[in-house]
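*Asks:* Please read through the structure below; I'll follow up with questions.
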Amino acid sequence: MKSCLLLAIVALFSFASTSSLHAHCQVPCGIYSDDTVLIDLNTHQQTIAKAMVQINELSTDAGKNANQISRWVSNKEEHATKIQDTMTQYFLAQRVKLAQSESNKDAYLNKLSLIHQIIVHAMKCKQTTDPANAQGLHDAIAAFTKVYTAK
């Protein structure tokens with residue numbers, strides 16, 4: 001009997017500890033704030049930009065710096081993916097309301113277009129180490145922030 005109870009407790013904790021981090025849990029908990037999420041987007045973009053600089057600098061002696069280059073590439077990919085996840089799971093799925101398409105279609109379509117631009121720029125940041133892509137991502141996030149936070 002004790003072993004069954006112990007097994008049940010272990011199973012419960014193992015399921016509870018397997019959660020992964022996402023932009024939001026998709027439950028209206030009120031914990032996340034738009035301001036925090038927008039700040040996080042900028043932090044991810046800055047990390048991507050720095051990673052690109054580091055990869056380019058370290059690539060001058062790729063043989064010597066292979067491990068560091070690999071780590072920066074992985075880091076750049078991770079932060080670009082976080083941006084894409086945030087834009088789809090937090091803003092697109094939850095915050096940009098479909099009802100707005102009826103009341104202010106132009107504003108709604110503008111937000112959708114900017115979300116798409118951010119996702120594409122994040123993808124381009126994964127594909128290259130061209131700082132222009134990181135700047136494009138920065139500019140798209142800034143444009144989205146301005147439109148999204150406008151009253």
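How things are named: the first chain in the structure tokens is A, the next is B, and so on; residues count from 1 in each chain; ligands count from 1 in the order shown.
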Would you list, as number ranges by chain, the residues of stretch 10-141 of chain A that end up in helix (DSSP H, G or I) under DSSP run on this structure's backbone?
*Replies:* A: 10-16, 34-61, 66-95, 100-103, 105-127, 131-141
*Asks:* Could you give me, as an NGL selection string, the residues within 9 Å of stretch 61-77 of chain A, counting only C-alpha atoms and dropping anything in the same chain fewer than 2 positions from it?
*Replies:* :A and (44 or 47-52 or 54-59 or 79-82 or 122-123 or 125-127 or 129)
*Asks:* Which residue is closest to A:Val120? Choose from A:Ala142, A:Ile83, A:Val147, A:Leu41 and count only C-alpha atoms.
*Replies:*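 Looking at the shortest contact to A:Val120, the residue is A:Ile83.
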*Asks:* At what distance in Å, to one decimal, does atom CA of A:Asn42 lie from atom CA of A:Gln135?
*Replies:* 11.3 Å
*Asks:* Record the distance separating atom CA of A:His138 and atom CA of A:Lys124, expressed in Å with one decimal.
*Replies:* 12.5 Å
*Asks:* Write out as JSON, numbers by chain each polymer residue whose atoms come within 12 Å of stretch 96-103 of chain A, counting only C-alpha atoms; drop sequence neighbours fewer than 2 positions from it.
*Replies:* {"A": [34, 87, 88, 89, 90, 91, 92, 93, 94, 105, 106, 107, 108, 109, 110, 111, 112, 113, 114, 115, 144, 147, 148, 149]}
*Asks:* Go ahead and dump the residues you just picked, N, CA and C atoms, as a PDB file, in the first residue's frame.
*Replies:*
```
ATOM      1  N   ASP A  34       1.677  43.194 -20.463  1.00  0.00           N
ATOM      2  CA  ASP A  34       2.177  43.532 -21.791  1.00  0.00           C
ATOM      3  C   ASP A  34       3.525  44.242 -21.704  1.00  0.00           C
ATOM      4  N   MET A  87       5.331  36.067 -29.993  1.00  0.00           N
ATOM      5  CA  MET A  87       4.450  36.748 -30.952  1.00  0.00           C
ATOM      6  C   MET A  87       3.249  35.876 -31.316  1.00  0.00           C
ATOM      7  N   THR A  88       3.450  34.574 -31.407  1.00  0.00           N
ATOM      8  CA  THR A  88       2.323  33.707 -31.776  1.00  0.00           C
ATOM      9  C   THR A  88       1.474  33.319 -30.575  1.00  0.00           C
ATOM     10  N   GLN A  89       2.106  32.903 -29.486  1.00  0.00           N
ATOM     11  CA  GLN A  89       1.357  32.373 -28.350  1.00  0.00           C
ATOM     12  C   GLN A  89       0.784  33.456 -27.443  1.00  0.00           C
ATOM     13  N   TYR A  90       1.451  34.582 -27.360  1.00  0.00           N
ATOM     14  CA  TYR A  90       0.962  35.630 -26.465  1.00  0.00           C
ATOM     15  C   TYR A  90       0.168  36.678 -27.239  1.00  0.00           C
ATOM     16  N   PHE A  91       0.797  37.297 -28.230  1.00  0.00           N
ATOM     17  CA  PHE A  91       0.114  38.391 -28.918  1.00  0.00           C
ATOM     18  C   PHE A  91      -0.926  37.901 -29.912  1.00  0.00           C
ATOM     19  N   LEU A  92      -0.546  37.016 -30.797  1.00  0.00           N
ATOM     20  CA  LEU A  92      -1.475  36.593 -31.847  1.00  0.00           C
ATOM     21  C   LEU A  92      -2.631  35.772 -31.294  1.00  0.00           C
ATOM     22  N   ALA A  93      -2.337  34.845 -30.405  1.00  0.00           N
ATOM     23  CA  ALA A  93      -3.388  33.965 -29.894  1.00  0.00           C
ATOM     24  C   ALA A  93      -4.251  34.621 -28.820  1.00  0.00           C
ATOM     25  N   GLN A  94      -3.689  35.601 -28.073  1.00  0.00           N
ATOM     26  CA  GLN A  94      -4.414  36.094 -26.912  1.00  0.00           C
ATOM     27  C   GLN A  94      -4.665  37.596 -26.877  1.00  0.00           C
ATOM     28  N   LYS A 105     -10.651  47.746 -38.518  1.00  0.00           N
ATOM     29  CA  LYS A 105      -9.979  46.750 -39.348  1.00  0.00           C
ATOM     30  C   LYS A 105      -8.550  47.156 -39.701  1.00  0.00           C
ATOM     31  N   ASP A 106      -8.323  48.433 -39.979  1.00  0.00           N
ATOM     32  CA  ASP A 106      -6.975  48.883 -40.359  1.00  0.00           C
ATOM     33  C   ASP A 106      -5.970  48.685 -39.222  1.00  0.00           C
ATOM     34  N   ALA A 107      -6.360  49.032 -38.011  1.00  0.00           N
ATOM     35  CA  ALA A 107      -5.466  48.853 -36.860  1.00  0.00           C
ATOM     36  C   ALA A 107      -5.181  47.373 -36.630  1.00  0.00           C
ATOM     37  N   TYR A 108      -6.203  46.559 -36.767  1.00  0.00           N
ATOM     38  CA  TYR A 108      -6.058  45.114 -36.593  1.00  0.00           C
ATOM     39  C   TYR A 108      -5.096  44.542 -37.635  1.00  0.00           C
ATOM     40  N   LEU A 109      -5.293  44.891 -38.893  1.00  0.00           N
ATOM     41  CA  LEU A 109      -4.429  44.390 -39.958  1.00  0.00           C
ATOM     42  C   LEU A 109      -2.995  44.903 -39.810  1.00  0.00           C
ATOM     43  N   ASN A 110      -2.833  46.118 -39.332  1.00  0.00           N
ATOM     44  CA  ASN A 110      -1.500  46.661 -39.094  1.00  0.00           C
ATOM     45  C   ASN A 110      -0.770  45.854 -38.026  1.00  0.00           C
ATOM     46  N   LYS A 111      -1.464  45.521 -36.948  1.00  0.00           N
ATOM     47  CA  LYS A 111      -0.863  44.699 -35.892  1.00  0.00           C
ATOM     48  C   LYS A 111      -0.483  43.315 -36.431  1.00  0.00           C
ATOM     49  N   LEU A 112      -1.359  42.710 -37.200  1.00  0.00           N
ATOM     50  CA  LEU A 112      -1.062  41.399 -37.783  1.00  0.00           C
ATOM     51  C   LEU A 112       0.155  41.471 -38.698  1.00  0.00           C
ATOM     52  N   SER A 113       0.220  42.519 -39.488  1.00  0.00           N
ATOM     53  CA  SER A 113       1.354  42.690 -40.395  1.00  0.00           C
ATOM     54  C   SER A 113       2.660  42.844 -39.619  1.00  0.00           C
ATOM     55  N   LEU A 114       2.630  43.614 -38.547  1.00  0.00           N
ATOM     56  CA  LEU A 114       3.837  43.808 -37.740  1.00  0.00           C
ATOM     57  C   LEU A 114       4.242  42.527 -37.013  1.00  0.00           C
ATOM     58  N   ILE A 115       3.267  41.767 -36.548  1.00  0.00           N
ATOM     59  CA  ILE A 115       3.570  40.473 -35.926  1.00  0.00           C
ATOM     60  C   ILE A 115       4.268  39.573 -36.943  1.00  0.00           C
ATOM     61  N   PHE A 144       5.828  47.665 -33.705  1.00  0.00           N
ATOM     62  CA  PHE A 144       4.723  46.934 -33.091  1.00  0.00           C
ATOM     63  C   PHE A 144       4.406  47.509 -31.713  1.00  0.00           C
ATOM     64  N   VAL A 147       2.435  50.749 -32.035  1.00  0.00           N
ATOM     65  CA  VAL A 147       1.047  50.536 -32.463  1.00  0.00           C
ATOM     66  C   VAL A 147       0.257  49.816 -31.380  1.00  0.00           C
ATOM     67  N   TYR A 148       0.854  48.819 -30.757  1.00  0.00           N
ATOM     68  CA  TYR A 148       0.154  48.003 -29.777  1.00  0.00           C
ATOM     69  C   TYR A 148      -0.196  48.795 -28.518  1.00  0.00           C
ATOM     70  N   THR A 149       0.707  49.683 -28.105  1.00  0.00           N
ATOM     71  CA  THR A 149       0.483  50.425 -26.857  1.00  0.00           C
ATOM     72  C   THR A 149      -0.262  51.738 -27.068  1.00  0.00           C
TER      73      THR A 149
END
```
*Asks:* Using only C-alpha atoms, which protein or nucleic acid residues come within 7 Å of A:His121? Drop anything in the same chain fewer than 5 positions from it, and give the result as a short mmCIF file (atom, residue, chain, number, x, y, z; two decimals) with N, CA and C atoms, in the first residue's frame.
*Replies:*
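Wrote it out as part_28.cif, contents follow:
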```cif
data_model
loop_
_atom_site.label_atom_id
_atom_site.label_comp_id
_atom_site.auth_asym_id
_atom_site.auth_seq_id
_atom_site.Cartn_x
_atom_site.Cartn_y
_atom_site.Cartn_z
N ASN A 133 19.73 42.15 -40.20
CA ASN A 133 18.54 41.39 -39.80
C ASN A 133 18.18 41.66 -38.34
N GLY A 136 16.58 45.03 -38.37
CA GLY A 136 15.21 44.91 -38.88
C GLY A 136 14.27 44.37 -37.82
N LEU A 137 14.76 43.41 -37.04
CA LEU A 137 13.97 42.86 -35.94
C LEU A 137 13.72 43.93 -34.89
#
```
*Asks:* So what do you get for atom CA of A:Ala134 versus atom CA of A:Asp85, distance-wise?
*Replies:*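 Atom-to-atom, atom CA of A:Ala134 to atom CA of A:Asp85, that is 17.1 Å.
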